[in-house]
Amino acid sequence: LLENLNVQVILCSYAIVQNDLDELQSCKFDYIILDEAQHIKNPSTLRAKSIKKLISAHKLALTGTPLENNIVELWSIFDFLMPGYLPSLIKFKKLTAELASKPDNNVIQRYITPFILRRKKQEVLIELPDKQEQTIFCQMSEIQEKYYLDILNSVKKEIDESVTKPVNYIHLLAALTRLRQICDHPYLIDRNIKTDPEISGKTELLEELLLDTFENGKKFLIFSQYISMLEILKEILIRHKIPLEYLDGSVQDRQKVIDHFNNDPKVRAFLISLKTGGYGINLTSADTVIIVDPWWNPMLENQAID
């Protein structure tokens with residue numbers, strides 16, 4: 001069907017490639033260009049395997065985060081660009097493990113450097129002022145501290161009992177997540193608690209910070225990894241009659257929301273889930289970014305801020 005159409009360019013999502021692979025695989029493209037190429041960072045996914053089955057004379061991958069969690073993600077992108085150029089995945093993992101003890105002899109860097117063009121924002125947007133960062137500390141409320149210590153004590157008890165039985169690391173990870181949620185607001189782990197800002201030291205401080213930012217005429221972004229926390233902050237902004245936009249993974253027309261924030265000077269706040277904000281979004285009208293809860297991955301967080 002595609003060969004019979006008089007077209008020179010096909011724009012499609014990763015999902016379409018996955019769903020219509022048989023049709024697309026029958027075409028011989030001159031170029032395949034991947035934007036947000038981190039979508040194929042996991043070589044075992046059906047999405048990555050589908051993309052790599054397409055036939056093309058030339059290939060190009062664009063990404064702001066070639067590495068998020070481990071070196072395998074970079075291998076997967078190169079496996080799309082030049083299959084067989086890097087050692088097999090098993091050998092590549094072994095090589096990276098060996099290099100961990102020999103940082104001066106970085107064979108991987110010599111492999112990839114000739115094929116990577118890095119564009120740093122300092123070189124492209126020289127008019128940008130230096131980024132000013134401020135870390136604000138706050139005290140937990142009494143109820144926050146009670147929830148926090150209860151979970152902390154249960155984790156300590158499980159670790160102490162590990163002498164007689166193995167530690168359940170899934171439980172430990174879940175407990176760490178719950179501790180982080182409590183630091184935002186106890187409502188995130190207990191829906192019987194009210195969403196009042198004064199119940200959380202952080203939320204109370206955030207309310208003060210948001211009002212101060214609004215009164216100073218700023219347009220600001222608020223990132224959180226927890227949807228429930230964004231909902232609490234949304235209530236605060238609405239109560240203080242601060243015009244806002246909202247974006248998480250469930251929003252269908254992302255561009256409409258983004259354009260409204262960028263183009264309407266009355267809309268001053270933008271609530272965004274941190275992972276959603278890390279990909280393909282340009283919010284050039286904002287001058288202030290508030291990270292409510294730091295992400296596990298600093299690279300993703302920095303991309304969202306930038």
# chains A, B, ... in the order shown; residues from 1 in each chain; ligands from 1
>>> residues_around(residues="A:Leu205", least_positions_apart="3", cutoff="12 Å", atoms="only C-alpha atoms", output="list in words")
Ile136, Phe137, Cys138, Gln139, Met140, Ser141, Asp184, His185, Pro197, Glu198, Ile199, Ser200, Gly201, Lys202, Glu208, Leu209, Leu210, Leu211, Asp212, Leu233, Ile236 and Val292 of chain A
>>> write_last_selection(atoms="N, CA and C atoms", output="PDB file, in the first residue's frame")
ATOM      1  N   ILE A 136      15.632  23.826  49.413  1.00  0.00           N
ATOM      2  CA  ILE A 136      14.912  24.340  50.582  1.00  0.00           C
ATOM      3  C   ILE A 136      14.580  23.186  51.523  1.00  0.00           C
ATOM      4  N   PHE A 137      14.962  23.324  52.765  1.00  0.00           N
ATOM      5  CA  PHE A 137      14.694  22.286  53.763  1.00  0.00           C
ATOM      6  C   PHE A 137      13.497  22.684  54.617  1.00  0.00           C
ATOM      7  N   CYS A 138      12.783  21.674  55.110  1.00  0.00           N
ATOM      8  CA  CYS A 138      11.633  21.960  55.971  1.00  0.00           C
ATOM      9  C   CYS A 138      11.505  20.871  57.035  1.00  0.00           C
ATOM     10  N   GLN A 139      10.757  21.185  58.060  1.00  0.00           N
ATOM     11  CA  GLN A 139      10.542  20.259  59.175  1.00  0.00           C
ATOM     12  C   GLN A 139       9.280  19.445  58.937  1.00  0.00           C
ATOM     13  N   MET A 140       9.324  18.163  59.293  1.00  0.00           N
ATOM     14  CA  MET A 140       8.117  17.345  59.214  1.00  0.00           C
ATOM     15  C   MET A 140       7.102  17.786  60.262  1.00  0.00           C
ATOM     16  N   SER A 141       5.822  17.596  59.929  1.00  0.00           N
ATOM     17  CA  SER A 141       4.790  17.798  60.948  1.00  0.00           C
ATOM     18  C   SER A 141       4.793  16.581  61.882  1.00  0.00           C
ATOM     19  N   ASP A 184       6.265  13.936  51.247  1.00  0.00           N
ATOM     20  CA  ASP A 184       5.427  14.860  50.477  1.00  0.00           C
ATOM     21  C   ASP A 184       4.167  15.197  51.277  1.00  0.00           C
ATOM     22  N   HIS A 185       3.390  14.160  51.599  1.00  0.00           N
ATOM     23  CA  HIS A 185       2.155  14.338  52.372  1.00  0.00           C
ATOM     24  C   HIS A 185       1.655  12.954  52.799  1.00  0.00           C
ATOM     25  N   PRO A 197      -2.798  21.366  53.690  1.00  0.00           N
ATOM     26  CA  PRO A 197      -1.353  21.604  53.610  1.00  0.00           C
ATOM     27  C   PRO A 197      -0.646  21.530  54.968  1.00  0.00           C
ATOM     28  N   GLU A 198      -1.320  21.998  56.039  1.00  0.00           N
ATOM     29  CA  GLU A 198      -0.652  22.047  57.342  1.00  0.00           C
ATOM     30  C   GLU A 198      -0.349  20.668  57.927  1.00  0.00           C
ATOM     31  N   ILE A 199      -0.918  19.610  57.350  1.00  0.00           N
ATOM     32  CA  ILE A 199      -0.622  18.255  57.816  1.00  0.00           C
ATOM     33  C   ILE A 199       0.781  17.828  57.394  1.00  0.00           C
ATOM     34  N   SER A 200       1.317  18.478  56.361  1.00  0.00           N
ATOM     35  CA  SER A 200       2.662  18.175  55.858  1.00  0.00           C
ATOM     36  C   SER A 200       3.527  19.418  55.899  1.00  0.00           C
ATOM     37  N   GLY A 201       4.711  19.298  56.495  1.00  0.00           N
ATOM     38  CA  GLY A 201       5.630  20.426  56.527  1.00  0.00           C
ATOM     39  C   GLY A 201       6.039  20.871  55.141  1.00  0.00           C
ATOM     40  N   LYS A 202       6.251  19.916  54.239  1.00  0.00           N
ATOM     41  CA  LYS A 202       6.656  20.249  52.871  1.00  0.00           C
ATOM     42  C   LYS A 202       5.527  20.949  52.117  1.00  0.00           C
ATOM     43  N   GLU A 208       3.337  28.332  50.603  1.00  0.00           N
ATOM     44  CA  GLU A 208       3.951  29.653  50.805  1.00  0.00           C
ATOM     45  C   GLU A 208       4.841  30.014  49.606  1.00  0.00           C
ATOM     46  N   LEU A 209       5.600  29.030  49.121  1.00  0.00           N
ATOM     47  CA  LEU A 209       6.504  29.263  47.994  1.00  0.00           C
ATOM     48  C   LEU A 209       5.738  29.568  46.711  1.00  0.00           C
ATOM     49  N   LEU A 210       4.643  28.847  46.477  1.00  0.00           N
ATOM     50  CA  LEU A 210       3.833  29.061  45.271  1.00  0.00           C
ATOM     51  C   LEU A 210       3.196  30.443  45.274  1.00  0.00           C
ATOM     52  N   LEU A 211       2.681  30.853  46.421  1.00  0.00           N
ATOM     53  CA  LEU A 211       2.069  32.186  46.522  1.00  0.00           C
ATOM     54  C   LEU A 211       3.104  33.274  46.289  1.00  0.00           C
ATOM     55  N   ASP A 212       4.291  33.089  46.865  1.00  0.00           N
ATOM     56  CA  ASP A 212       5.371  34.067  46.711  1.00  0.00           C
ATOM     57  C   ASP A 212       5.809  34.159  45.251  1.00  0.00           C
ATOM     58  N   LEU A 233      -1.561  19.825  45.258  1.00  0.00           N
ATOM     59  CA  LEU A 233      -1.074  21.152  44.871  1.00  0.00           C
ATOM     60  C   LEU A 233      -2.064  21.862  43.948  1.00  0.00           C
ATOM     61  N   ILE A 236      -4.574  23.538  46.060  1.00  0.00           N
ATOM     62  CA  ILE A 236      -4.019  24.759  46.654  1.00  0.00           C
ATOM     63  C   ILE A 236      -4.064  25.916  45.648  1.00  0.00           C
ATOM     64  N   VAL A 292       9.225  19.004  43.459  1.00  0.00           N
ATOM     65  CA  VAL A 292       8.625  18.687  44.765  1.00  0.00           C
ATOM     66  C   VAL A 292       9.347  17.525  45.427  1.00  0.00           C
TER      67      VAL A 292
END
>>> residues_around(residues="stretch 17-23 of chain A", least_positions_apart="6", cutoff="9 Å", atoms="only C-alpha atoms", output="list in words")
Leu1, Leu2, Leu46, Arg47, Ala48, Lys49, Ser50, Ile51, Lys53 and Leu54 of chain A
>>> write_last_selection(atoms="N, CA and C atoms", output="tab-separated table (two decimals), in the first residue's frame")
chain	number	residue	atom	x	y	z
A	1	LEU	N	0.83	-1.21	0.00
A	1	LEU	CA	0.00	0.00	0.00
A	1	LEU	C	0.86	1.25	0.00
A	2	LEU	N	1.90	1.30	0.86
A	2	LEU	CA	2.74	2.48	0.97
A	2	LEU	C	3.51	2.74	-0.33
A	46	LEU	N	9.34	-5.52	22.59
A	46	LEU	CA	8.78	-5.69	21.25
A	46	LEU	C	8.95	-4.41	20.43
A	47	ARG	N	8.86	-3.27	21.10
A	47	ARG	CA	9.02	-1.98	20.42
A	47	ARG	C	10.41	-1.88	19.79
A	48	ALA	N	11.45	-2.15	20.58
A	48	ALA	CA	12.83	-2.06	20.07
A	48	ALA	C	13.06	-3.07	18.96
A	49	LYS	N	12.58	-4.29	19.14
A	49	LYS	CA	12.77	-5.32	18.12
A	49	LYS	C	12.08	-4.95	16.82
A	50	SER	N	10.89	-4.33	16.91
A	50	SER	CA	10.15	-3.93	15.72
A	50	SER	C	10.89	-2.86	14.94
A	51	ILE	N	11.37	-1.84	15.64
A	51	ILE	CA	12.09	-0.73	15.00
A	51	ILE	C	13.32	-1.27	14.26
A	53	LYS	N	13.80	-4.01	12.82
A	53	LYS	CA	13.50	-4.83	11.66
A	53	LYS	C	13.24	-4.01	10.40
A	54	LEU	N	13.11	-2.68	10.56
A	54	LEU	CA	12.89	-1.81	9.41
A	54	LEU	C	14.16	-1.71	8.57
>>> atom_distance(atom1="atom CA of A:Ile159", atom2="atom CA of A:Tyr147")
18.8 Å
>>> residues_around(residues="A:Ser250", least_positions_apart="3", cutoff="12 Å", atoms="only C-alpha atoms", output="MDAnalysis selection string")
chainID A and resid 227 246:247 253:254 272:273 276
>>> write_last_selection(atoms="N, CA, C and O atoms", output="PDB file, in the first residue's frame")
ATOM      1  N   ILE A 227       1.206  11.486  41.269  1.00  0.00           N
ATOM      2  CA  ILE A 227      -0.005  12.144  40.791  1.00  0.00           C
ATOM      3  C   ILE A 227      -0.824  12.686  41.955  1.00  0.00           C
ATOM      4  O   ILE A 227      -1.395  13.778  41.873  1.00  0.00           O
ATOM      5  N   TYR A 246      -2.323  21.473  33.651  1.00  0.00           N
ATOM      6  CA  TYR A 246      -1.985  20.213  34.317  1.00  0.00           C
ATOM      7  C   TYR A 246      -1.635  19.172  33.251  1.00  0.00           C
ATOM      8  O   TYR A 246      -2.293  19.085  32.218  1.00  0.00           O
ATOM      9  N   LEU A 247      -0.567  18.385  33.514  1.00  0.00           N
ATOM     10  CA  LEU A 247      -0.158  17.378  32.541  1.00  0.00           C
ATOM     11  C   LEU A 247       0.389  16.145  33.246  1.00  0.00           C
ATOM     12  O   LEU A 247       1.334  16.229  34.042  1.00  0.00           O
ATOM     13  N   ASP A 253      -4.368  15.345  24.642  1.00  0.00           N
ATOM     14  CA  ASP A 253      -3.820  16.375  23.754  1.00  0.00           C
ATOM     15  C   ASP A 253      -2.772  17.193  24.504  1.00  0.00           C
ATOM     16  O   ASP A 253      -3.033  18.295  25.001  1.00  0.00           O
ATOM     17  N   ARG A 254      -1.566  16.652  24.575  1.00  0.00           N
ATOM     18  CA  ARG A 254      -0.500  17.316  25.331  1.00  0.00           C
ATOM     19  C   ARG A 254      -0.137  18.665  24.729  1.00  0.00           C
ATOM     20  O   ARG A 254       0.071  19.637  25.450  1.00  0.00           O
ATOM     21  N   ILE A 272       3.114  19.179  36.471  1.00  0.00           N
ATOM     22  CA  ILE A 272       3.542  18.139  35.530  1.00  0.00           C
ATOM     23  C   ILE A 272       4.111  16.949  36.292  1.00  0.00           C
ATOM     24  O   ILE A 272       4.899  17.123  37.230  1.00  0.00           O
ATOM     25  N   SER A 273       3.739  15.744  35.889  1.00  0.00           N
ATOM     26  CA  SER A 273       4.394  14.562  36.454  1.00  0.00           C
ATOM     27  C   SER A 273       5.808  14.499  35.887  1.00  0.00           C
ATOM     28  O   SER A 273       6.022  14.735  34.693  1.00  0.00           O
ATOM     29  N   THR A 276       6.600  12.403  32.733  1.00  0.00           N
ATOM     30  CA  THR A 276       5.969  12.960  31.531  1.00  0.00           C
ATOM     31  C   THR A 276       6.740  14.180  31.046  1.00  0.00           C
ATOM     32  O   THR A 276       6.932  14.376  29.845  1.00  0.00           O
TER      33      THR A 276
END
>>> atom_distance(atom1="atom CA of A:Leu274", atom2="atom CA of A:Tyr169")
25.1 Å
>>> atom_distance(atom1="atom CA of A:Leu62", atom2="atom CA of A:Arg119")
10.6 Å
>>> residues_around(residues="A:Asp259", least_positions_apart="6", cutoff="12 Å", atoms="only C-alpha atoms", output="ChimeraX atom specification")
/A:245,253,265,267,270,281-285
>>> write_last_selection(atoms="N, CA and C atoms", output="PDB file, in the first residue's frame")
ATOM      1  N   GLU A 245      -2.250  24.997  34.407  1.00  0.00           N
ATOM      2  CA  GLU A 245      -2.426  23.884  33.474  1.00  0.00           C
ATOM      3  C   GLU A 245      -1.900  22.635  34.169  1.00  0.00           C
ATOM      4  N   ASP A 253      -4.368  15.345  24.642  1.00  0.00           N
ATOM      5  CA  ASP A 253      -3.820  16.375  23.754  1.00  0.00           C
ATOM      6  C   ASP A 253      -2.772  17.193  24.504  1.00  0.00           C
ATOM      7  N   PRO A 265      -0.479  34.547  28.941  1.00  0.00           N
ATOM      8  CA  PRO A 265       0.240  35.118  30.086  1.00  0.00           C
ATOM      9  C   PRO A 265      -0.521  34.999  31.402  1.00  0.00           C
ATOM     10  N   VAL A 267      -2.020  32.276  32.466  1.00  0.00           N
ATOM     11  CA  VAL A 267      -1.758  30.948  33.045  1.00  0.00           C
ATOM     12  C   VAL A 267      -0.347  30.947  33.606  1.00  0.00           C
ATOM     13  N   PHE A 270       2.101  25.450  36.060  1.00  0.00           N
ATOM     14  CA  PHE A 270       1.946  24.229  35.263  1.00  0.00           C
ATOM     15  C   PHE A 270       2.367  23.046  36.133  1.00  0.00           C
ATOM     16  N   ILE A 281       9.064  18.004  25.477  1.00  0.00           N
ATOM     17  CA  ILE A 281       8.226  19.148  25.860  1.00  0.00           C
ATOM     18  C   ILE A 281       9.084  20.404  25.901  1.00  0.00           C
ATOM     19  N   ASN A 282       8.616  21.472  25.264  1.00  0.00           N
ATOM     20  CA  ASN A 282       9.307  22.756  25.313  1.00  0.00           C
ATOM     21  C   ASN A 282       8.413  23.774  26.011  1.00  0.00           C
ATOM     22  N   LEU A 283       8.847  24.208  27.181  1.00  0.00           N
ATOM     23  CA  LEU A 283       8.072  25.178  27.964  1.00  0.00           C
ATOM     24  C   LEU A 283       8.930  26.432  28.133  1.00  0.00           C
ATOM     25  N   THR A 284       9.079  27.139  27.024  1.00  0.00           N
ATOM     26  CA  THR A 284      10.022  28.261  26.991  1.00  0.00           C
ATOM     27  C   THR A 284       9.536  29.487  27.737  1.00  0.00           C
ATOM     28  N   SER A 285       8.252  29.540  28.076  1.00  0.00           N
ATOM     29  CA  SER A 285       7.734  30.745  28.718  1.00  0.00           C
ATOM     30  C   SER A 285       7.973  30.748  30.232  1.00  0.00           C
TER      31      SER A 285
END
>>> closest_residue(among="A:Ser56, A:Ser228, A:Asn216, A:Thr65", to="A:Asn302", atoms="only C-alpha atoms")
A:Thr65
>>> select_by_dssp(residues="stretch 65-181 of chain A", states="alpha helix (DSSP H)", output="count of residues only")
63
>>> residues_around(residues="A:Phe29", least_positions_apart="2", cutoff="10 Å", atoms="only C-alpha atoms", output="ChimeraX atom specification")
/A:8-10,24-27,31-32,54-59
